[in-house]
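Structure file work22.cif (mmCIF, C-alpha atoms) is printed below.
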```cif
data_upload
#
loop_
_atom_site.group_PDB
_atom_site.id
_atom_site.type_symbol
_atom_site.label_atom_id
_atom_site.label_comp_id
_atom_site.auth_asym_id
_atom_site.auth_seq_id
_atom_site.Cartn_x
_atom_site.Cartn_y
_atom_site.Cartn_z
ATOM 1 C CA GLN A 8 105.505 14.862 162.809
ATOM 2 C CA VAL A 9 102.953 17.628 162.999
ATOM 3 C CA GLN A 10 99.993 16.970 165.237
ATOM 4 C CA LEU A 11 96.946 19.111 165.816
ATOM 5 C CA VAL A 12 94.565 18.158 168.609
ATOM 6 C CA GLU A 13 91.186 19.823 168.960
ATOM 7 C CA SER A 14 89.143 19.943 172.132
ATOM 8 C CA GLY A 15 86.264 21.848 173.657
ATOM 9 C CA GLY A 16 83.394 20.493 171.649
ATOM 10 C CA GLY A 17 80.171 19.368 173.226
ATOM 11 C CA SER A 18 76.424 19.799 173.301
ATOM 12 C CA VAL A 19 74.841 23.162 173.909
ATOM 13 C CA GLN A 20 71.471 24.796 173.443
ATOM 14 C CA ALA A 21 70.887 27.410 170.789
ATOM 15 C CA GLY A 22 72.196 30.760 171.898
ATOM 16 C CA GLY A 23 74.927 29.179 173.964
ATOM 17 C CA SER A 24 78.697 29.388 173.675
ATOM 18 C CA LEU A 25 81.651 27.066 173.336
ATOM 19 C CA ARG A 26 85.376 27.611 173.006
ATOM 20 C CA LEU A 27 87.355 25.205 170.903
ATOM 21 C CA SER A 28 91.085 24.752 171.279
ATOM 22 C CA CYS A 29 93.629 23.384 168.842
ATOM 23 C CA VAL A 30 97.007 22.494 170.288
ATOM 24 C CA ALA A 31 99.865 21.993 167.861
ATOM 25 C CA SER A 32 102.993 19.932 168.219
ATOM 26 C CA ALA A 33 105.975 19.879 165.857
ATOM 27 C CA TYR A 34 104.448 23.010 164.333
ATOM 28 C CA THR A 35 104.695 26.638 165.396
ATOM 29 C CA VAL A 36 101.243 28.197 165.508
ATOM 30 C CA GLY A 37 102.739 31.633 165.010
ATOM 31 C CA SER A 38 104.511 30.664 161.800
ATOM 32 C CA SER A 39 101.623 30.593 159.349
ATOM 33 C CA CYS A 40 97.920 30.365 158.769
ATOM 34 C CA MET A 41 95.553 28.360 160.903
ATOM 35 C CA GLY A 42 92.026 27.674 159.818
ATOM 36 C CA TRP A 43 88.868 26.094 161.160
ATOM 37 C CA PHE A 44 86.725 23.912 158.940
ATOM 38 C CA ARG A 45 83.577 21.990 159.704
ATOM 39 C CA GLN A 46 81.551 19.085 158.423
ATOM 40 C CA ALA A 47 77.833 18.999 159.091
ATOM 41 C CA PRO A 48 76.037 15.664 159.497
ATOM 42 C CA GLY A 49 75.389 14.014 156.156
ATOM 43 C CA LYS A 50 77.437 16.601 154.277
ATOM 44 C CA GLU A 51 80.948 16.826 152.970
ATOM 45 C CA ARG A 52 83.506 18.832 154.850
ATOM 46 C CA GLU A 53 83.387 22.432 153.754
ATOM 47 C CA GLY A 54 86.149 23.252 151.327
ATOM 48 C CA VAL A 55 86.966 26.671 152.749
ATOM 49 C CA PRO A 56 87.797 27.648 156.288
ATOM 50 C CA PHE A 57 84.960 29.479 157.987
ATOM 51 C CA ALA A 58 87.562 31.179 160.147
ATOM 52 C CA SER A 59 91.276 31.695 159.643
ATOM 53 C CA ILE A 60 94.089 33.704 161.099
ATOM 54 C CA ASN A 61 97.461 34.788 159.740
ATOM 55 C CA PRO A 62 99.784 35.520 162.640
ATOM 56 C CA ARG A 63 102.253 37.366 160.428
ATOM 57 C CA SER A 64 99.743 40.052 159.531
ATOM 58 C CA ASP A 65 97.175 39.574 162.323
ATOM 59 C CA ASN A 66 94.598 39.255 159.579
ATOM 60 C CA THR A 67 91.516 37.216 160.355
ATOM 61 C CA PHE A 68 88.827 36.029 158.016
ATOM 62 C CA TYR A 69 85.299 34.774 158.614
ATOM 63 C CA THR A 70 82.612 33.560 156.309
ATOM 64 C CA ASP A 71 79.270 35.319 156.520
ATOM 65 C CA SER A 72 77.757 32.330 158.272
ATOM 66 C CA VAL A 73 79.851 32.918 161.420
ATOM 67 C CA LYS A 74 80.900 36.555 161.178
ATOM 68 C CA GLY A 75 80.009 38.453 164.317
ATOM 69 C CA ARG A 76 79.454 35.265 166.315
ATOM 70 C CA PHE A 77 82.785 33.406 166.151
ATOM 71 C CA THR A 78 86.248 34.696 166.983
ATOM 72 C CA ILE A 79 89.530 33.037 166.109
ATOM 73 C CA SER A 80 92.606 33.794 168.172
ATOM 74 C CA GLN A 81 95.929 32.290 169.070
ATOM 75 C CA ASP A 82 98.297 32.021 171.992
ATOM 76 C CA ASN A 83 101.833 31.559 170.722
ATOM 77 C CA ALA A 84 103.158 30.745 174.196
ATOM 78 C CA LYS A 85 100.756 27.810 174.384
ATOM 79 C CA ASN A 86 101.073 27.004 170.674
ATOM 80 C CA THR A 87 97.304 26.943 170.569
ATOM 81 C CA VAL A 88 94.584 28.375 168.368
ATOM 82 C CA TYR A 89 91.153 29.071 169.794
ATOM 83 C CA LEU A 90 87.702 29.453 168.355
ATOM 84 C CA GLN A 91 85.230 31.274 170.555
ATOM 85 C CA MET A 92 81.723 30.500 169.377
ATOM 86 C CA ASN A 93 78.837 32.584 170.642
ATOM 87 C CA SER A 94 75.160 32.714 169.752
ATOM 88 C CA LEU A 95 75.317 29.175 168.485
ATOM 89 C CA LYS A 96 72.617 27.963 166.141
ATOM 90 C CA PRO A 97 71.412 24.445 165.340
ATOM 91 C CA GLU A 98 72.943 24.830 161.884
ATOM 92 C CA ASP A 99 76.350 25.132 163.534
ATOM 93 C CA THR A 100 76.110 21.455 164.457
ATOM 94 C CA ALA A 101 79.129 19.769 162.880
ATOM 95 C CA MET A 102 82.481 18.163 163.407
ATOM 96 C CA TYR A 103 84.987 20.967 163.722
ATOM 97 C CA TYR A 104 88.535 20.634 162.446
ATOM 98 C CA CYS A 105 91.535 22.871 162.784
ATOM 99 C CA ALA A 106 94.122 22.916 160.045
ATOM 100 C CA ALA A 107 97.511 24.473 159.498
ATOM 101 C CA SER A 108 99.091 25.761 156.331
ATOM 102 C CA ALA A 109 102.668 25.733 155.176
ATOM 103 C CA PRO A 110 104.648 28.766 156.400
ATOM 104 C CA GLN A 111 104.519 30.730 153.153
ATOM 105 C CA TYR A 112 101.608 33.132 153.588
ATOM 106 C CA LEU A 113 102.558 36.635 154.660
ATOM 107 C CA ILE A 114 99.302 38.587 154.595
ATOM 108 C CA SER A 115 96.174 36.587 153.934
ATOM 109 C CA CYS A 116 95.347 32.926 154.363
ATOM 110 C CA PRO A 117 94.574 30.401 151.662
ATOM 111 C CA SER A 118 90.916 29.817 151.038
ATOM 112 C CA LEU A 119 90.967 26.192 149.958
ATOM 113 C CA TYR A 120 91.354 23.105 152.101
ATOM 114 C CA LYS A 121 94.107 21.741 149.831
ATOM 115 C CA ASN A 122 96.432 24.487 150.998
ATOM 116 C CA TYR A 123 96.255 23.216 154.559
ATOM 117 C CA PRO A 124 98.418 20.084 154.744
ATOM 118 C CA TYR A 125 98.020 19.501 158.473
ATOM 119 C CA TRP A 126 94.745 18.527 160.107
ATOM 120 C CA GLY A 127 93.424 17.532 163.476
ATOM 121 C CA GLN A 128 90.986 14.718 164.136
ATOM 122 C CA GLY A 129 88.082 17.002 164.908
ATOM 123 C CA THR A 130 85.802 17.778 167.816
ATOM 124 C CA GLN A 131 82.023 17.456 167.690
ATOM 125 C CA VAL A 132 79.750 20.408 168.320
ATOM 126 C CA THR A 133 76.031 19.792 168.695
ATOM 127 C CA VAL A 134 73.577 22.652 169.064
ATOM 128 C CA SER A 135 70.002 21.851 169.990
ATOM 129 C CA SER A 136 67.036 24.113 169.441
#
```
Could the structure of this file be written out as structure tokens, please?
Amino acid sequence: QVQLVESGGGSVQAGGSLRLSCVASAYTVGSSCMGWFRQAPGKEREGVPFASINPRSDNTFYTDSVKGRFTISQDNAKNTVYLQMNSLKPEDTAMYYCAASAPQYLISCPSLYKNYPYWGQGTQVTVSS
């Protein structure tokens, strides 16, 4: 069965950096879209990925809230997706989840959580001011 395992979360001061990793098993990272979602304390998990990557087209997508600060990438040899987070802000505090889509997207990635059937358990990121 497909498993996604996130790691790399932690506590950091505002302006700092973290790199999250998402290792997949029984799923080929290079086969379709991978996305990162997050859930802030006391809020529902966001319904759209704030970062996604389509390995078939090398297209990446970022929401305005993270554009220019976060970078999504993948290493097919390690079957891993990364999220480099720089210039972190207190509002970035959340549980971060990686998710994988079905292998049907050729150019762009789906924008809704329901199109990502595989999810990890999450890794906590806390940014203090």
- Write out as a ChimeraX atom specification the residues lying within 9 Å of A:Phe68, counting only C-alpha atoms and excluding same-chain residues fewer than 2 positions away. /A:56-61,66,70,74,79,115-116
- Query: Between A:Val19, A:Arg45, A:Arg63, A:Arg52, which one has atoms that come closest to A:Leu113, using all atoms listed in the file?
  - Reply: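 Residue with the minimum atom-to-atom distance to A:Leu113: A:Arg63.
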Given the file shown, determine the residues that the PyMOL selection byres ((chain A and resi 112) around 12) selects; report them as a PDB file with C-alpha atoms, keeping the file's coordinate frame.
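Resulting contents of expr.pdb:
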```pdb
ATOM      1  CA  GLY A  37     102.739  31.633 165.010  1.00  0.00           C
ATOM      2  CA  SER A  38     104.511  30.664 161.800  1.00  0.00           C
ATOM      3  CA  SER A  39     101.623  30.593 159.349  1.00  0.00           C
ATOM      4  CA  CYS A  40      97.920  30.365 158.769  1.00  0.00           C
ATOM      5  CA  MET A  41      95.553  28.360 160.903  1.00  0.00           C
ATOM      6  CA  ILE A  60      94.089  33.704 161.099  1.00  0.00           C
ATOM      7  CA  ASN A  61      97.461  34.788 159.740  1.00  0.00           C
ATOM      8  CA  PRO A  62      99.784  35.520 162.640  1.00  0.00           C
ATOM      9  CA  ARG A  63     102.253  37.366 160.428  1.00  0.00           C
ATOM     10  CA  SER A  64      99.743  40.052 159.531  1.00  0.00           C
ATOM     11  CA  ASP A  65      97.175  39.574 162.323  1.00  0.00           C
ATOM     12  CA  ASN A  66      94.598  39.255 159.579  1.00  0.00           C
ATOM     13  CA  ALA A 107      97.511  24.473 159.498  1.00  0.00           C
ATOM     14  CA  SER A 108      99.091  25.761 156.331  1.00  0.00           C
ATOM     15  CA  ALA A 109     102.668  25.733 155.176  1.00  0.00           C
ATOM     16  CA  PRO A 110     104.648  28.766 156.400  1.00  0.00           C
ATOM     17  CA  GLN A 111     104.519  30.730 153.153  1.00  0.00           C
ATOM     18  CA  LEU A 113     102.558  36.635 154.660  1.00  0.00           C
ATOM     19  CA  ILE A 114      99.302  38.587 154.595  1.00  0.00           C
ATOM     20  CA  SER A 115      96.174  36.587 153.934  1.00  0.00           C
ATOM     21  CA  CYS A 116      95.347  32.926 154.363  1.00  0.00           C
ATOM     22  CA  PRO A 117      94.574  30.401 151.662  1.00  0.00           C
ATOM     23  CA  SER A 118      90.916  29.817 151.038  1.00  0.00           C
ATOM     24  CA  ASN A 122      96.432  24.487 150.998  1.00  0.00           C
ATOM     25  CA  TYR A 123      96.255  23.216 154.559  1.00  0.00           C
TER      26      TYR A 123
END
```
- Query: For A:Lys96, which residue out of A:Leu27, A:Val134, A:Leu119, A:Val36 is the nearest one, using all atoms listed in the file?
  - Reply: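 When distances to A:Lys96 are compared using all atoms listed in the file, the smallest one comes from A:Val134.
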- Closest of A:Tyr104, A:Lys121, A:Gln131, A:Ser94 to A:Ala21 - atom-to-atom distances counting all atoms listed in the file: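 Of the candidates, the smallest distance to A:Ala21 is held by A:Ser94.
Among the candidate residues A:Gly22, A:Gly42, A:Gly129, A:Pro48, the one lying nearest to A:Leu95 is A:Gly22, with distances computed using only C-alpha atoms.
Ranking A:Thr67, A:Thr78, A:Asn86, A:Ser72 by their shortest atom-to-atom distance to A:Tyr34, with all atoms listed in the file included, puts A:Asn86 first.
Atom CA of A:Gly54 sits 20.9 Å away from atom CA of A:Gln91.
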- Shell around A:Glu13 at 8 Å using all atoms listed in the file, local window under 6 positions removed, as a ChimeraX atom specification: /A:27-30,104-105,127-130
- Which of A:Leu11, A:Asp71, A:Arg76, A:Ala47 sits closest to A:Leu90 [using all atoms listed in the file]: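 Distance minimum relative to A:Leu90 lands on A:Arg76.
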- Quick one, how far is atom CA of A:Tyr120 from atom CA of A:Glu53?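 Atom-to-atom, atom CA of A:Tyr120 and atom CA of A:Glu53 are spaced 8.2 Å apart.
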- Message: To test your reading of the syntax: which residues would the PyMOL selection byres ((chain A and resi 16) around 8) return for the file shown? Reply as a VMD selection string.
- Response: chain A and resid 14 to 15 17 to 18 25 to 27 130 to 133
- Quick one: pull the distance between atom CA of A:Met92 and atom CA of A:Val73, Å, one decimal.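 Here the two named atoms are 8.5 Å from each other.
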Write stretch 18-39 of chain A as a short mmCIF file (atom, residue, chain, number, x, y, z; two decimals), in the frame of the given file, completed to N, CA, C and O atoms.
```
data_model
loop_
_atom_site.label_atom_id
_atom_site.label_comp_id
_atom_site.auth_asym_id
_atom_site.auth_seq_id
_atom_site.Cartn_x
_atom_site.Cartn_y
_atom_site.Cartn_z
N SER A 18 77.82 19.52 173.62
CA SER A 18 76.42 19.80 173.30
C SER A 18 75.99 21.05 174.04
O SER A 18 76.28 21.22 175.22
N VAL A 19 75.27 21.90 173.33
CA VAL A 19 74.84 23.16 173.91
C VAL A 19 73.51 23.54 173.28
O VAL A 19 73.20 23.12 172.16
N GLN A 20 72.74 24.31 173.99
CA GLN A 20 71.47 24.80 173.44
C GLN A 20 71.71 26.02 172.56
O GLN A 20 72.71 26.73 172.72
N ALA A 21 70.80 26.24 171.66
CA ALA A 21 70.89 27.41 170.79
C ALA A 21 71.03 28.68 171.62
O ALA A 21 70.38 28.84 172.65
N GLY A 22 71.91 29.54 171.16
CA GLY A 22 72.20 30.76 171.90
C GLY A 22 73.37 30.63 172.84
O GLY A 22 73.86 31.65 173.36
N GLY A 23 73.82 29.41 173.05
CA GLY A 23 74.93 29.18 173.96
C GLY A 23 76.28 29.41 173.33
O GLY A 23 76.38 29.83 172.17
N SER A 24 77.32 29.14 174.11
CA SER A 24 78.70 29.39 173.68
C SER A 24 79.58 28.18 173.94
O SER A 24 79.33 27.40 174.87
N LEU A 25 80.59 28.05 173.13
CA LEU A 25 81.65 27.07 173.34
C LEU A 25 82.96 27.68 172.88
O LEU A 25 82.98 28.57 172.01
N ARG A 26 84.05 27.21 173.47
CA ARG A 26 85.38 27.61 173.01
C ARG A 26 86.16 26.37 172.63
O ARG A 26 86.41 25.51 173.48
N LEU A 27 86.55 26.31 171.39
CA LEU A 27 87.36 25.20 170.90
C LEU A 27 88.83 25.57 170.99
O LEU A 27 89.20 26.74 170.82
N SER A 28 89.64 24.57 171.25
CA SER A 28 91.08 24.75 171.28
C SER A 28 91.73 23.80 170.29
O SER A 28 91.21 22.71 170.04
N CYS A 29 92.85 24.22 169.76
CA CYS A 29 93.63 23.38 168.84
C CYS A 29 95.09 23.53 169.25
O CYS A 29 95.68 24.59 169.05
N VAL A 30 95.63 22.48 169.84
CA VAL A 30 97.01 22.49 170.29
C VAL A 30 97.88 21.83 169.24
O VAL A 30 97.58 20.73 168.78
N ALA A 31 98.96 22.51 168.89
CA ALA A 31 99.86 21.99 167.86
C ALA A 31 101.15 21.48 168.48
O ALA A 31 101.64 22.02 169.47
N SER A 32 101.67 20.42 167.87
CA SER A 32 102.99 19.93 168.22
C SER A 32 103.78 19.72 166.94
O SER A 32 103.21 19.40 165.89
N ALA A 33 105.09 19.94 167.02
CA ALA A 33 105.98 19.88 165.86
C ALA A 33 105.55 20.89 164.80
O ALA A 33 105.80 20.69 163.61
N TYR A 34 104.89 21.94 165.23
CA TYR A 34 104.45 23.01 164.33
C TYR A 34 104.29 24.27 165.17
O TYR A 34 103.72 24.22 166.26
N THR A 35 104.80 25.37 164.67
CA THR A 35 104.70 26.64 165.40
C THR A 35 103.47 27.39 164.92
O THR A 35 103.40 27.84 163.78
N VAL A 36 102.51 27.54 165.85
CA VAL A 36 101.24 28.20 165.51
C VAL A 36 101.47 29.59 164.96
O VAL A 36 100.76 30.06 164.06
N GLY A 37 102.49 30.28 165.45
CA GLY A 37 102.74 31.63 165.01
C GLY A 37 103.45 31.75 163.67
O GLY A 37 103.75 32.87 163.24
N SER A 38 103.71 30.63 163.01
CA SER A 38 104.51 30.66 161.80
C SER A 38 103.69 30.86 160.53
O SER A 38 104.21 31.34 159.53
N SER A 39 102.43 30.46 160.56
CA SER A 39 101.62 30.59 159.35
C SER A 39 100.16 30.44 159.67
O SER A 39 99.76 30.38 160.83
#
```
